[in-house]
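J.: So that you have it, the file is work-v2.pdb, and it contains PDB, C-alpha atoms, pLDDT in the B column:
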```
ATOM      1  CA  MET A   1     -65.567 -72.022  -7.865  1.00 77.00           C
ATOM      2  CA  LYS A   2     -65.990 -73.506  -4.378  1.00 90.00           C
ATOM      3  CA  MET A   3     -62.647 -73.902  -2.666  1.00 96.00           C
ATOM      4  CA  PRO A   4     -61.910 -77.231  -0.945  1.00 98.00           C
ATOM      5  CA  LYS A   5     -62.007 -77.409   2.832  1.00 97.00           C
ATOM      6  CA  VAL A   6     -58.483 -77.598   4.278  1.00 97.00           C
ATOM      7  CA  SER A   7     -57.581 -79.422   7.490  1.00 97.00           C
ATOM      8  CA  CYS A   8     -54.241 -78.435   9.022  1.00 97.00           C
ATOM      9  CA  ILE A   9     -52.873 -81.170  11.289  1.00 96.00           C
ATOM     10  CA  MET A  10     -50.577 -80.309  14.189  1.00 92.00           C
ATOM     11  CA  PRO A  11     -49.189 -83.056  16.436  1.00 88.00           C
ATOM     12  CA  THR A  12     -47.580 -81.385  19.460  1.00 83.00           C
ATOM     13  CA  CYS A  13     -44.792 -82.570  21.761  1.00 73.00           C
ATOM     14  CA  TYR A  14     -43.036 -79.408  23.041  1.00 67.00           C
ATOM     15  CA  GLY A  15     -45.720 -78.129  25.395  1.00 62.00           C
ATOM     16  CA  GLU A  16     -46.746 -74.494  24.985  1.00 72.00           C
ATOM     17  CA  ARG A  17     -43.289 -73.176  24.079  1.00 77.00           C
ATOM     18  CA  TYR A  18     -43.956 -72.881  20.328  1.00 82.00           C
ATOM     19  CA  VAL A  19     -47.565 -73.772  19.718  1.00 84.00           C
ATOM     20  CA  ARG A  20     -49.081 -70.317  20.271  1.00 85.00           C
ATOM     21  CA  THR A  21     -47.126 -68.887  17.321  1.00 90.00           C
ATOM     22  CA  ALA A  22     -48.243 -71.781  15.094  1.00 91.00           C
ATOM     23  CA  VAL A  23     -51.880 -71.315  16.147  1.00 90.00           C
ATOM     24  CA  GLN A  24     -51.693 -67.574  15.452  1.00 91.00           C
ATOM     25  CA  CYS A  25     -50.251 -68.315  11.998  1.00 95.00           C
ATOM     26  CA  PHE A  26     -53.268 -70.541  11.362  1.00 95.00           C
ATOM     27  CA  LEU A  27     -55.698 -67.849  12.538  1.00 93.00           C
ATOM     28  CA  ASP A  28     -54.002 -65.276  10.252  1.00 96.00           C
ATOM     29  CA  GLN A  29     -54.471 -67.317   7.049  1.00 97.00           C
ATOM     30  CA  ASP A  30     -56.170 -65.489   4.166  1.00 97.00           C
ATOM     31  CA  TYR A  31     -57.585 -68.655   2.548  1.00 97.00           C
ATOM     32  CA  GLU A  32     -61.124 -68.042   1.279  1.00 96.00           C
ATOM     33  CA  GLY A  33     -62.354 -71.596   1.782  1.00 96.00           C
ATOM     34  CA  GLU A  34     -63.211 -73.399   5.006  1.00 95.00           C
ATOM     35  CA  LEU A  35     -60.354 -74.147   7.406  1.00 95.00           C
ATOM     36  CA  GLU A  36     -59.885 -76.559  10.296  1.00 94.00           C
ATOM     37  CA  LEU A  37     -56.999 -77.109  12.716  1.00 94.00           C
ATOM     38  CA  VAL A  38     -56.633 -80.593  14.197  1.00 93.00           C
ATOM     39  CA  VAL A  39     -54.365 -80.478  17.257  1.00 89.00           C
ATOM     40  CA  LEU A  40     -53.048 -83.837  18.451  1.00 87.00           C
ATOM     41  CA  ASP A  41     -51.567 -83.343  21.916  1.00 83.00           C
ATOM     42  CA  ASN A  42     -49.225 -86.163  22.944  1.00 77.00           C
ATOM     43  CA  ASN A  43     -47.514 -84.312  25.775  1.00 70.00           C
ATOM     44  CA  THR A  44     -47.341 -85.748  29.250  1.00 61.00           C
ATOM     45  CA  GLU A  45     -50.159 -84.750  31.595  1.00 62.00           C
ATOM     46  CA  ASP A  46     -48.120 -81.989  33.240  1.00 58.00           C
ATOM     47  CA  HIS A  47     -47.297 -80.378  29.869  1.00 56.00           C
ATOM     48  CA  CYS A  48     -50.580 -80.759  27.994  1.00 55.00           C
ATOM     49  CA  PHE A  49     -52.680 -77.766  26.982  1.00 61.00           C
ATOM     50  CA  SER A  50     -55.119 -77.818  29.875  1.00 54.00           C
ATOM     51  CA  THR A  51     -54.986 -74.005  30.109  1.00 51.00           C
ATOM     52  CA  PHE A  52     -54.927 -73.327  26.375  1.00 55.00           C
ATOM     53  CA  ALA A  53     -58.101 -72.133  24.603  1.00 56.00           C
ATOM     54  CA  PHE A  54     -58.821 -74.526  21.732  1.00 55.00           C
ATOM     55  CA  ASP A  55     -62.533 -73.804  21.373  1.00 57.00           C
ATOM     56  CA  GLU A  56     -62.197 -73.131  17.630  1.00 67.00           C
ATOM     57  CA  PHE A  57     -60.153 -76.256  16.899  1.00 81.00           C
ATOM     58  CA  LYS A  58     -60.454 -80.004  17.033  1.00 85.00           C
ATOM     59  CA  TYR A  59     -58.341 -80.961  20.043  1.00 83.00           C
ATOM     60  CA  ILE A  60     -57.366 -84.575  20.739  1.00 82.00           C
ATOM     61  CA  ARG A  61     -55.322 -86.006  23.599  1.00 80.00           C
ATOM     62  CA  THR A  62     -53.264 -89.040  22.644  1.00 78.00           C
ATOM     63  CA  ARG A  63     -50.351 -91.104  23.880  1.00 79.00           C
ATOM     64  CA  ARG A  64     -46.759 -90.894  22.658  1.00 78.00           C
ATOM     65  CA  LYS A  65     -46.313 -92.385  19.168  1.00 83.00           C
ATOM     66  CA  PRO A  66     -43.973 -92.037  16.168  1.00 84.00           C
ATOM     67  CA  VAL A  67     -44.619 -88.977  13.995  1.00 87.00           C
ATOM     68  CA  GLY A  68     -46.073 -91.033  11.144  1.00 90.00           C
ATOM     69  CA  ALA A  69     -48.612 -92.609  13.481  1.00 90.00           C
ATOM     70  CA  LEU A  70     -49.569 -89.208  14.914  1.00 91.00           C
ATOM     71  CA  ARG A  71     -50.087 -87.734  11.458  1.00 94.00           C
ATOM     72  CA  ASN A  72     -52.241 -90.665  10.384  1.00 94.00           C
ATOM     73  CA  GLU A  73     -54.336 -90.352  13.533  1.00 93.00           C
ATOM     74  CA  ALA A  74     -54.849 -86.618  13.004  1.00 94.00           C
ATOM     75  CA  ILE A  75     -55.774 -87.079   9.331  1.00 96.00           C
ATOM     76  CA  ARG A  76     -58.354 -89.708  10.238  1.00 96.00           C
ATOM     77  CA  GLU A  77     -59.989 -87.075  12.469  1.00 94.00           C
ATOM     78  CA  ALA A  78     -59.780 -84.376   9.774  1.00 96.00           C
ATOM     79  CA  SER A  79     -62.870 -83.427   7.782  1.00 95.00           C
ATOM     80  CA  GLY A  80     -61.157 -81.463   5.004  1.00 96.00           C
ATOM     81  CA  GLU A  81     -60.631 -82.536   1.404  1.00 98.00           C
ATOM     82  CA  VAL A  82     -57.083 -81.156   1.551  1.00 98.00           C
ATOM     83  CA  ILE A  83     -54.569 -81.854   4.329  1.00 98.00           C
ATOM     84  CA  CYS A  84     -51.811 -79.405   5.250  1.00 98.00           C
ATOM     85  CA  ILE A  85     -49.000 -80.374   7.638  1.00 97.00           C
ATOM     86  CA  TRP A  86     -48.716 -77.661  10.304  1.00 96.00           C
ATOM     87  CA  ASP A  87     -45.593 -78.100  12.431  1.00 92.00           C
ATOM     88  CA  GLU A  88     -45.963 -76.608  15.912  1.00 90.00           C
ATOM     89  CA  ASP A  89     -42.494 -75.034  16.053  1.00 90.00           C
ATOM     90  CA  ASP A  90     -42.430 -73.307  12.643  1.00 94.00           C
ATOM     91  CA  TRP A  91     -43.854 -70.114  11.147  1.00 96.00           C
ATOM     92  CA  SER A  92     -46.176 -69.792   8.142  1.00 98.00           C
ATOM     93  CA  ALA A  93     -47.048 -66.662   6.175  1.00 98.00           C
ATOM     94  CA  PRO A  94     -50.741 -65.644   5.963  1.00 98.00           C
ATOM     95  CA  ASN A  95     -50.915 -66.747   2.308  1.00 98.00           C
ATOM     96  CA  ARG A  96     -49.327 -70.177   2.812  1.00 98.00           C
ATOM     97  CA  ILE A  97     -52.519 -72.233   2.544  1.00 98.00           C
ATOM     98  CA  SER A  98     -54.001 -70.216  -0.322  1.00 98.00           C
ATOM     99  CA  ASN A  99     -50.710 -70.575  -2.221  1.00 98.00           C
ATOM    100  CA  GLN A 100     -50.428 -74.320  -1.682  1.00 98.00           C
ATOM    101  CA  VAL A 101     -54.053 -75.051  -2.569  1.00 98.00           C
ATOM    102  CA  ALA A 102     -53.660 -72.948  -5.724  1.00 98.00           C
ATOM    103  CA  ARG A 103     -50.672 -75.097  -6.709  1.00 98.00           C
ATOM    104  CA  LEU A 104     -52.628 -78.315  -6.161  1.00 98.00           C
ATOM    105  CA  LEU A 105     -55.443 -77.014  -8.343  1.00 98.00           C
ATOM    106  CA  SER A 106     -53.236 -75.535 -11.093  1.00 97.00           C
ATOM    107  CA  THR A 107     -50.777 -78.434 -11.402  1.00 97.00           C
ATOM    108  CA  GLY A 108     -53.315 -81.232 -11.040  1.00 97.00           C
ATOM    109  CA  LYS A 109     -50.869 -83.047  -8.742  1.00 97.00           C
ATOM    110  CA  GLN A 110     -51.905 -84.908  -5.602  1.00 98.00           C
ATOM    111  CA  VAL A 111     -49.133 -83.549  -3.349  1.00 98.00           C
ATOM    112  CA  THR A 112     -47.334 -80.213  -3.195  1.00 98.00           C
ATOM    113  CA  GLY A 113     -44.485 -79.047  -0.986  1.00 97.00           C
ATOM    114  CA  TRP A 114     -41.111 -77.296  -0.875  1.00 96.00           C
ATOM    115  CA  HIS A 115     -37.513 -78.405  -1.344  1.00 92.00           C
ATOM    116  CA  ASN A 116     -35.915 -75.032  -0.497  1.00 92.00           C
ATOM    117  CA  VAL A 117     -36.825 -73.479   2.859  1.00 94.00           C
ATOM    118  CA  LEU A 118     -35.562 -70.709   5.164  1.00 95.00           C
ATOM    119  CA  TYR A 119     -34.234 -71.861   8.560  1.00 94.00           C
ATOM    120  CA  TRP A 120     -33.722 -69.994  11.831  1.00 92.00           C
ATOM    121  CA  ASP A 121     -31.182 -71.397  14.273  1.00 90.00           C
ATOM    122  CA  GLU A 122     -32.747 -70.446  17.582  1.00 86.00           C
ATOM    123  CA  GLY A 123     -29.659 -71.010  19.717  1.00 83.00           C
ATOM    124  CA  ALA A 124     -27.245 -68.987  17.582  1.00 85.00           C
ATOM    125  CA  SER A 125     -29.761 -66.577  16.011  1.00 87.00           C
ATOM    126  CA  GLY A 126     -28.443 -67.800  12.666  1.00 89.00           C
ATOM    127  CA  THR A 127     -30.227 -67.380   9.340  1.00 93.00           C
ATOM    128  CA  TYR A 128     -29.872 -70.097   6.699  1.00 92.00           C
ATOM    129  CA  LYS A 129     -31.535 -71.468   3.623  1.00 92.00           C
ATOM    130  CA  PHE A 130     -32.020 -75.180   3.061  1.00 87.00           C
ATOM    131  CA  TYR A 131     -31.311 -76.212  -0.527  1.00 85.00           C
ATOM    132  CA  PHE A 132     -31.891 -79.531  -2.233  1.00 78.00           C
ATOM    133  CA  GLU A 133     -28.725 -80.385  -4.146  1.00 65.00           C
ATOM    134  CA  SER A 134     -28.947 -83.581  -6.172  1.00 55.00           C
ATOM    135  CA  ARG A 135     -25.723 -85.437  -6.765  1.00 51.00           C
ATOM    136  CA  ILE A 136     -27.549 -88.418  -8.222  1.00 48.00           C
ATOM    137  CA  GLY A 137     -27.959 -86.834 -11.622  1.00 50.00           C
ATOM    138  CA  ALA A 138     -29.298 -83.756 -13.347  1.00 54.00           C
ATOM    139  CA  ASN A 139     -32.632 -85.430 -14.028  1.00 59.00           C
ATOM    140  CA  HIS A 140     -33.259 -86.472 -10.422  1.00 63.00           C
ATOM    141  CA  PRO A 141     -36.248 -84.394  -9.254  1.00 72.00           C
ATOM    142  CA  PRO A 142     -36.351 -82.759  -5.821  1.00 80.00           C
ATOM    143  CA  TYR A 143     -38.462 -84.219  -3.049  1.00 84.00           C
ATOM    144  CA  ALA A 144     -40.661 -82.105  -0.747  1.00 92.00           C
ATOM    145  CA  MET A 145     -39.794 -81.601   2.922  1.00 91.00           C
ATOM    146  CA  GLY A 146     -42.227 -83.304   5.278  1.00 92.00           C
ATOM    147  CA  ALA A 147     -43.299 -80.172   7.164  1.00 93.00           C
ATOM    148  CA  SER A 148     -44.328 -78.612   3.837  1.00 96.00           C
ATOM    149  CA  HIS A 149     -46.632 -81.365   2.610  1.00 97.00           C
ATOM    150  CA  CYS A 150     -50.072 -80.302   1.388  1.00 98.00           C
ATOM    151  CA  PHE A 151     -52.156 -82.965  -0.337  1.00 98.00           C
ATOM    152  CA  TRP A 152     -55.553 -84.355  -1.164  1.00 98.00           C
ATOM    153  CA  LYS A 153     -56.913 -86.551   1.601  1.00 98.00           C
ATOM    154  CA  SER A 154     -57.976 -89.059  -1.045  1.00 98.00           C
ATOM    155  CA  TRP A 155     -54.270 -89.535  -1.893  1.00 98.00           C
ATOM    156  CA  TRP A 156     -53.400 -90.202   1.745  1.00 98.00           C
ATOM    157  CA  GLU A 157     -56.188 -92.806   1.962  1.00 98.00           C
ATOM    158  CA  LYS A 158     -54.250 -94.889  -0.580  1.00 97.00           C
ATOM    159  CA  HIS A 159     -50.759 -93.828   0.565  1.00 97.00           C
ATOM    160  CA  PRO A 160     -50.766 -93.191   4.346  1.00 96.00           C
ATOM    161  CA  TYR A 161     -47.627 -92.288   6.270  1.00 95.00           C
ATOM    162  CA  ILE A 162     -45.632 -95.256   7.485  1.00 94.00           C
ATOM    163  CA  GLU A 163     -45.616 -95.318  11.262  1.00 87.00           C
ATOM    164  CA  GLN A 164     -41.961 -96.084  12.063  1.00 79.00           C
ATOM    165  CA  GLY A 165     -39.264 -93.657  10.887  1.00 72.00           C
ATOM    166  CA  ALA A 166     -38.519 -91.924   7.532  1.00 78.00           C
ATOM    167  CA  GLU A 167     -42.220 -91.249   7.078  1.00 89.00           C
ATOM    168  CA  ASP A 168     -41.676 -87.844   5.415  1.00 89.00           C
ATOM    169  CA  ARG A 169     -39.255 -89.035   2.782  1.00 88.00           C
ATOM    170  CA  ILE A 170     -41.217 -92.176   1.911  1.00 92.00           C
ATOM    171  CA  PHE A 171     -44.461 -90.196   1.565  1.00 95.00           C
ATOM    172  CA  SER A 172     -42.743 -87.638  -0.667  1.00 93.00           C
ATOM    173  CA  ASP A 173     -40.918 -90.268  -2.736  1.00 91.00           C
ATOM    174  CA  GLU A 174     -44.120 -92.223  -3.316  1.00 94.00           C
ATOM    175  CA  ALA A 175     -45.741 -89.164  -4.860  1.00 96.00           C
ATOM    176  CA  MET A 176     -42.586 -88.272  -6.805  1.00 93.00           C
ATOM    177  CA  HIS A 177     -42.189 -91.735  -8.336  1.00 92.00           C
ATOM    178  CA  ARG A 178     -45.853 -91.741  -9.356  1.00 95.00           C
ATOM    179  CA  GLN A 179     -45.396 -88.275 -10.925  1.00 95.00           C
ATOM    180  CA  GLN A 180     -47.859 -86.766  -8.469  1.00 97.00           C
ATOM    181  CA  LEU A 181     -45.485 -84.435  -6.600  1.00 97.00           C
ATOM    182  CA  ASP A 182     -45.239 -80.692  -7.178  1.00 96.00           C
ATOM    183  CA  SER A 183     -42.127 -79.362  -5.391  1.00 95.00           C
ATOM    184  CA  CYS A 184     -40.949 -75.747  -5.427  1.00 94.00           C
ATOM    185  CA  ASP A 185     -39.060 -73.091  -3.455  1.00 94.00           C
ATOM    186  CA  ALA A 186     -40.942 -71.934  -0.336  1.00 96.00           C
ATOM    187  CA  GLY A 187     -39.883 -68.322  -0.861  1.00 95.00           C
ATOM    188  CA  GLN A 188     -41.265 -66.154   1.966  1.00 96.00           C
ATOM    189  CA  LEU A 189     -44.090 -68.544   2.854  1.00 98.00           C
ATOM    190  CA  TYR A 190     -42.385 -70.439   5.666  1.00 97.00           C
ATOM    191  CA  VAL A 191     -39.587 -70.405   8.224  1.00 97.00           C
ATOM    192  CA  ALA A 192     -38.506 -73.601   9.979  1.00 93.00           C
ATOM    193  CA  ARG A 193     -36.726 -73.479  13.335  1.00 91.00           C
ATOM    194  CA  PHE A 194     -33.754 -75.357  14.720  1.00 85.00           C
ATOM    195  CA  HIS A 195     -33.785 -75.738  18.488  1.00 78.00           C
ATOM    196  CA  GLY A 196     -32.397 -78.055  21.107  1.00 65.00           C
ATOM    197  CA  SER A 197     -35.530 -80.203  21.189  1.00 59.00           C
ATOM    198  CA  ASN A 198     -35.720 -81.079  17.506  1.00 59.00           C
ATOM    199  CA  ILE A 199     -32.371 -81.375  15.706  1.00 55.00           C
ATOM    200  CA  GLY A 200     -29.858 -79.614  17.900  1.00 45.00           C
ATOM    201  CA  GLY A 201     -28.391 -77.187  15.411  1.00 46.00           C
ATOM    202  CA  LEU A 202     -26.587 -77.125  12.105  1.00 50.00           C
ATOM    203  CA  THR A 203     -23.375 -78.819  13.216  1.00 46.00           C
ATOM    204  CA  GLN A 204     -24.805 -82.326  13.015  1.00 42.00           C
ATOM    205  CA  ASN A 205     -24.672 -84.206   9.717  1.00 42.00           C
ATOM    206  CA  HIS A 206     -28.374 -84.962   9.971  1.00 41.00           C
ATOM    207  CA  PHE A 207     -29.624 -83.985   6.546  1.00 44.00           C
ATOM    208  CA  GLY A 208     -27.652 -86.266   4.255  1.00 49.00           C
ATOM    209  CA  ARG A 209     -25.514 -85.693   1.208  1.00 48.00           C
ATOM    210  CA  HIS A 210     -28.188 -84.152  -1.040  1.00 54.00           C
ATOM    211  CA  LYS A 211     -28.769 -81.036   1.060  1.00 63.00           C
ATOM    212  CA  GLN A 212     -26.878 -77.898   2.005  1.00 75.00           C
ATOM    213  CA  PHE A 213     -27.372 -75.036   4.466  1.00 82.00           C
ATOM    214  CA  PRO A 214     -25.600 -71.857   3.342  1.00 87.00           C
ATOM    215  CA  ALA A 215     -26.005 -68.820   5.580  1.00 90.00           C
ATOM    216  CA  VAL A 216     -28.139 -65.984   4.200  1.00 92.00           C
ATOM    217  CA  GLU A 217     -28.696 -62.386   5.297  1.00 94.00           C
ATOM    218  CA  ARG A 218     -31.397 -61.706   7.845  1.00 94.00           C
ATOM    219  CA  SER A 219     -32.979 -59.320   5.332  1.00 94.00           C
ATOM    220  CA  GLU A 220     -33.864 -62.329   3.134  1.00 94.00           C
ATOM    221  CA  PHE A 221     -36.303 -63.543   5.801  1.00 96.00           C
ATOM    222  CA  PRO A 222     -39.911 -62.329   6.062  1.00 96.00           C
ATOM    223  CA  GLN A 223     -39.728 -59.680   8.759  1.00 94.00           C
ATOM    224  CA  GLU A 224     -43.102 -60.804  10.123  1.00 96.00           C
ATOM    225  CA  PHE A 225     -41.350 -63.940  11.352  1.00 96.00           C
ATOM    226  CA  PHE A 226     -39.086 -61.962  13.701  1.00 95.00           C
ATOM    227  CA  VAL A 227     -42.079 -60.038  15.025  1.00 95.00           C
ATOM    228  CA  ALA A 228     -43.929 -63.322  15.668  1.00 93.00           C
ATOM    229  CA  ILE A 229     -41.063 -64.799  17.704  1.00 90.00           C
ATOM    230  CA  GLY A 230     -40.378 -61.563  19.585  1.00 88.00           C
ATOM    231  CA  ASP A 231     -37.003 -60.803  17.958  1.00 76.00           C
ATOM    232  CA  GLU A 232     -37.398 -57.490  16.143  1.00 58.00           C
ATOM    233  CA  SER A 233     -33.728 -56.471  16.135  1.00 57.00           C
ATOM    234  CA  ASN A 234     -32.634 -54.636  12.990  1.00 49.00           C
ATOM    235  CA  GLU A 235     -29.112 -55.941  13.337  1.00 49.00           C
ATOM    236  CA  GLU A 236     -28.004 -58.178  10.469  1.00 45.00           C
ATOM    237  CA  GLN A 237     -27.004 -61.647  11.623  1.00 39.00           C
TER     238      GLN A 237
END
```
I'd like the structure from this file rewritten - as structure tokens, please.
T.:
Amino acid sequence: MKMPKVSCIMPTCYGERYVRTAVQCFLDQDYEGELELVVLDNNTEDHCFSTFAFDEFKYIRTRRKPVGALRNEAIREASGEVICIWDEDDWSAPNRISNQVARLLSTGKQVTGWHNVLYWDEGASGTYKFYFESRIGANHPPYAMGASHCFWKSWWEKHPYIEQGAEDRIFSDEAMHRQQLDSCDAGQLYVARFHGSNIGGLTQNHFGRHKQFPAVERSEFPQEFFVAIGDESNEEQ
């Protein structure tokens, strides 16, 4: 069986602070099909990747835009049948893409993603797990976090991201309401990062009333993540 070509899309806005780890995660993927990384650089001229080697990737300079607009622009440039969101400041395990494509193929759904994800608080070196906790009712299904979306490009062609705010949730809800969303626990496949440039830590009530962030032991994280970010301490946080 020929595996579908996957295009990972990575809008960037933090300069080179995080992007090298994300690129290395892409290069380490064990997916047996064809892969492509579309990098959409909307940094200012003095922070763009003029010294970064992108010979293997599709690299596009663009102006500042909302995230939904950037994702749509990157997907239009993508040549893959499957699109995988690839956030520049997060870490992905080598089997992330192969796992997510397998779920698309086995479930027959148009979109897959995660509702439970490990989080690293960069400022406090804190380890947490994001849980979806529905208080709407027992039958309310979980959504999938925006950074975890993996989907058929043909679905996006009919349901593109909106270009002004809440793009992640609306994209996920559209698939959920049409019974085309597969959402599961990320397990060891992914670690998201809190830092001063994105959300500013866990003290803000940013995530709404259907989510919780209990602390977890450092040992619950994939240890490869700490190696990738240069924090290999054995001390439990």
J.: Excluding segment 138-155 of chain A and its own-chain neighbours fewer than 5 positions away, which residues fall within 6 Å of it when counting all atoms listed in the file? Please give them as a list in words.
T.: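 Residues near the query, excluding close chain neighbours: Glu81, Val82, Ile83, Cys84, Ile85, Gln110, Val111, Thr112, Gly113, Trp114, His115, Asp168, Ser172 and Ser183 of chain A.
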J.: Calculate how many Å separate atom CA of Phe132 of chain A from atom CA of Arg193 of chain A, rounding to one decimal.
T.: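 We find that atom CA of Phe132 of chain A and atom CA of Arg193 of chain A lie 17.4 Å from each other.
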J.: May I ask for the distance between atom CA of Val191 of chain A and atom CA of Leu104 of chain A, given in Å to one decimal place?
T.: 21.0 Å
J.: For the structure shown, which residues end up in the PyMOL selection byres ((chain A and resi 163) around 6)? Put them as a list in words, please?
T.: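 This file, filtered by the PyMOL selection byres ((chain A and resi 163) around 6), leaves Gly68, Ala69, Ile162 and Gln164 of chain A.
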J.: Mind giving me the straight-line distance from atom CA of Lys129 of chain A to atom CA of Gln212 of chain A in Å, one decimal?
T.: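 Between atom CA of Lys129 of chain A and atom CA of Gln212 of chain A the gap works out to 8.1 Å.
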J.: Would you kindly translate the PyMOL selection byres ((chain A and resi 185) around 7) into the concrete residues it picks from this file, as a list in words?
T.: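 Evaluating the PyMOL selection byres ((chain A and resi 185) around 7) on this file yields Trp114, His115, Asn116, Val117, Cys184, Ala186 and Gly187 of chain A.
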J.: Can you work out which one of A:Ala22, A:Asp30, A:Glu16, A:Arg71 has the shortest atom-to-atom distance to Glu167 of chain A, counting only C-alpha atoms?
T.: A:Arg71
J.: Reconstruct N, CA and C atoms of segment 114-131 of chain A; output as a compact mmCIF listing (two decimals), in the coordinates of the input.
T.:
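part_7.txt, written as the output of this step:
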```txt
# COMPACT_ATOMS: atom_id res chain seq x y z
N TRP A 114 -42.28 -78.11 -0.57
CA TRP A 114 -41.11 -77.30 -0.88
C TRP A 114 -39.83 -78.09 -0.67
N HIS A 115 -38.84 -77.81 -1.53
CA HIS A 115 -37.51 -78.40 -1.34
C HIS A 115 -36.48 -77.38 -0.91
N ASN A 116 -36.79 -76.10 -0.99
CA ASN A 116 -35.92 -75.03 -0.50
C ASN A 116 -36.67 -74.22 0.55
N VAL A 117 -36.11 -74.09 1.74
CA VAL A 117 -36.83 -73.48 2.86
C VAL A 117 -35.87 -72.65 3.71
N LEU A 118 -36.33 -71.52 4.22
CA LEU A 118 -35.56 -70.71 5.16
C LEU A 118 -35.55 -71.37 6.54
N TYR A 119 -34.39 -71.29 7.22
CA TYR A 119 -34.23 -71.86 8.56
C TYR A 119 -33.66 -70.83 9.53
N TRP A 120 -34.20 -70.83 10.74
CA TRP A 120 -33.72 -69.99 11.83
C TRP A 120 -33.12 -70.90 12.89
N ASP A 121 -31.85 -70.66 13.21
CA ASP A 121 -31.18 -71.40 14.27
C ASP A 121 -31.42 -70.63 15.57
N GLU A 122 -32.31 -71.16 16.39
CA GLU A 122 -32.75 -70.45 17.58
C GLU A 122 -31.60 -70.18 18.56
N GLY A 123 -30.73 -71.16 18.75
CA GLY A 123 -29.66 -71.01 19.72
C GLY A 123 -28.63 -69.97 19.33
N ALA A 124 -28.29 -69.90 18.05
CA ALA A 124 -27.24 -68.99 17.58
C ALA A 124 -27.79 -67.76 16.87
N SER A 125 -29.12 -67.65 16.78
CA SER A 125 -29.76 -66.58 16.01
C SER A 125 -29.23 -66.53 14.58
N GLY A 126 -28.99 -67.70 14.01
CA GLY A 126 -28.44 -67.80 12.67
C GLY A 126 -29.54 -67.90 11.62
N THR A 127 -29.26 -67.35 10.44
CA THR A 127 -30.23 -67.38 9.34
C THR A 127 -29.62 -68.17 8.19
N TYR A 128 -30.37 -69.18 7.72
CA TYR A 128 -29.87 -70.10 6.70
C TYR A 128 -30.97 -70.39 5.68
N LYS A 129 -30.56 -70.96 4.57
CA LYS A 129 -31.54 -71.47 3.62
C LYS A 129 -31.18 -72.90 3.28
N PHE A 130 -32.16 -73.76 3.38
CA PHE A 130 -32.02 -75.18 3.06
C PHE A 130 -32.20 -75.33 1.56
N TYR A 131 -31.23 -75.95 0.91
CA TYR A 131 -31.31 -76.21 -0.53
C TYR A 131 -31.22 -77.71 -0.79
```
